[in-house]
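Peer 1: Here you go, one structure.
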Amino acid sequence: MAAVVAGAALLLSACGNPLQGGAEGGAEGEIVIGSSDVGESLLLAQIYAGALRNAGSENVTVRPPVGGREVVVQALRDRSLSLVPDYSGNLLRYFDPDSEATTPEEVYAELRQTLPDGFRVLEQAPAQDTDVLVIRQELADTGISTISDLAPHCDDLVFGGPGQWADRWKVKIKELYGCEFREIRVTDTGGPVTVEALRSGEVQVADLFSTSATIESNGFVPLVDDKNMFPAQNIVPLVARGTLSEREERALNDLSAVLTTEKLTELNVEFSTEKRNPLDIAEEFLRENGLT
């Protein structure tokens, strides 16, 4: 993912760096959009900005990546940011670590109830970018298409994923599915180390993100989470309360309504694989979906 962000910086430098914004937030009336340091978040921030400009907002700025969720939340709290794209499940667990909600409807309802004063979420998109367990085609050909199918074989398989995976999911996957991997190996968070470990056979099961372009490009097979172990991760705008007008909120809700997982995956391919300029991607997406 570091390579994706670095690539974004190179792309943007050629067009006046449209991610460059005011370091201390916007003046009164300015909408300042932030993002995390993940390529997909950067791209969504530009799409949000385009939708707002097309709806008549004249003073819209996209800031450079501001870091992880803790930094983003603080920036929204002190109004140096107006809004950011976020993920419903992770956002809910940030504010309520004990939540057991998993479905899109449950997660979104609890999120709206849990948000502290000063924050609100707009309508969530159908698009999700959630954790997904993936395997190579030859293992899938043995009749494995769900995590339930995988479970009887887990004790023979090596798993690769981020450092925190065991703490978050080792117990849960055993409780829900009866799956206990022979070894859990730390690779990276859905990045090139994990991809190469699965390609080479160093691991037989890996944790990636559902919209990752690397799944299709490598012929990996995503497994159906048939018992909803992973919570829904719908794309949702997180907003500092009072920073957007009703018109601006409607524009973002209209955008969310047409953003599907399939479309988001295609956007990621254009950005991370084809290295297209994110402004061009955003403009084309908005135009093709009647949001200009």
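Residues in the structure tokens are named by chain (A, B, ... in the order shown) and by number from 1 within that chain; ligands are numbered from 1 in the order shown.
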Can you tell me which residues surround segment 221-225 of chain A at a distance of at most 12 Å, considering only C-alpha atoms, apart from same-chain residues fewer than 5 positions away, and format the answer as JSON, numbers by chain?

Peer 2: {"A": [102, 103, 130, 131, 132, 133, 134, 135, 136, 137, 138, 139, 140, 141, 143, 144, 145, 146, 147, 148, 149, 150, 151, 173, 176, 177, 198, 199, 204, 205, 206, 207, 208, 209, 210, 211, 212, 214, 215, 216, 230, 231, 232]}

Peer 1: Per residue of segment 192-269 of chain A within 7 Å of segment 78-98 of chain A, record the nearest atom pair and its distance in Å to one decimal, counting only C-alpha atoms, with rows in chain order and ascending residue number, as JSON lines.

Peer 2:
{"residue": "A:Pro231", "atom": "CA", "partner": "A:Gly89", "partner_atom": "CA", "distance": 5.5}
{"residue": "A:Ala232", "atom": "CA", "partner": "A:Gly89", "partner_atom": "CA", "distance": 5.4}
{"residue": "A:Gln233", "atom": "CA", "partner": "A:Gly89", "partner_atom": "CA", "distance": 4.8}
{"residue": "A:Asn234", "atom": "CA", "partner": "A:Ser88", "partner_atom": "CA", "distance": 5.3}
{"residue": "A:Ile235", "atom": "CA", "partner": "A:Tyr87", "partner_atom": "CA", "distance": 4.9}
{"residue": "A:Val236", "atom": "CA", "partner": "A:Asp86", "partner_atom": "CA", "distance": 5.3}
{"residue": "A:Pro237", "atom": "CA", "partner": "A:Pro85", "partner_atom": "CA", "distance": 4.6}
{"residue": "A:Leu238", "atom": "CA", "partner": "A:Val84", "partner_atom": "CA", "distance": 5.4}
{"residue": "A:Val239", "atom": "CA", "partner": "A:Leu83", "partner_atom": "CA", "distance": 4.3}
{"residue": "A:Ala240", "atom": "CA", "partner": "A:Ser82", "partner_atom": "CA", "distance": 5.3}
{"residue": "A:Thr243", "atom": "CA", "partner": "A:Ser82", "partner_atom": "CA", "distance": 5.9}

Peer 1: Using backbone DSSP assignments, extract all helix (DSSP H, G or I) residues from segment 98-282 of chain A; output them as number ranges by chain.

Peer 2: A: 104-114, 137-140, 147-156, 165-177, 192-200, 213-217, 246-258, 261-273, 278-282

Peer 1: Apply DSSP to the backbone of this structure and, from segment 3-186 of chain A, keep only the residues in strand (DSSP E); write these as a list in words.

Peer 2: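 Filtering segment 3-186 of chain A down to strand (DSSP E) leaves Ile31, Val32, Ile33, Val60, Thr61, Val62, Leu83, Val84, Pro85, Asp86, Tyr87, Phe119, Arg120, Val121, Asp131, Val132, Leu133, Val134, Ile135, Val158, Phe159, Gly160, Gly161, Glu183, Ile184, Arg185 and Val186 of chain A.
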
Peer 1: Closest to Lys227 of chain A among A:Pro278, A:Glu175, A:Phe271, A:Leu157, using only C-alpha atoms?

Peer 2: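 For Lys227 of chain A, the nearest of the candidates is A:Glu175.
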
Peer 1: Can you tell me how far atom CA of Ala51 of chain A sits from atom CA of Glu70 of chain A, in Å to one decimal?

Peer 2: 26.1 Å

Peer 1: When you look at segment 249-256 of chain A with a cut-off of 10 Å (counting only C-alpha atoms), what residues show up, excluding the ones that are within fewer than 4 positions of it in the same chain? I need them as an MDAnalysis selection string.

Peer 2: chainID A and resid 47:56 121:127 234:237 239 243:245 260 285:286 289:291
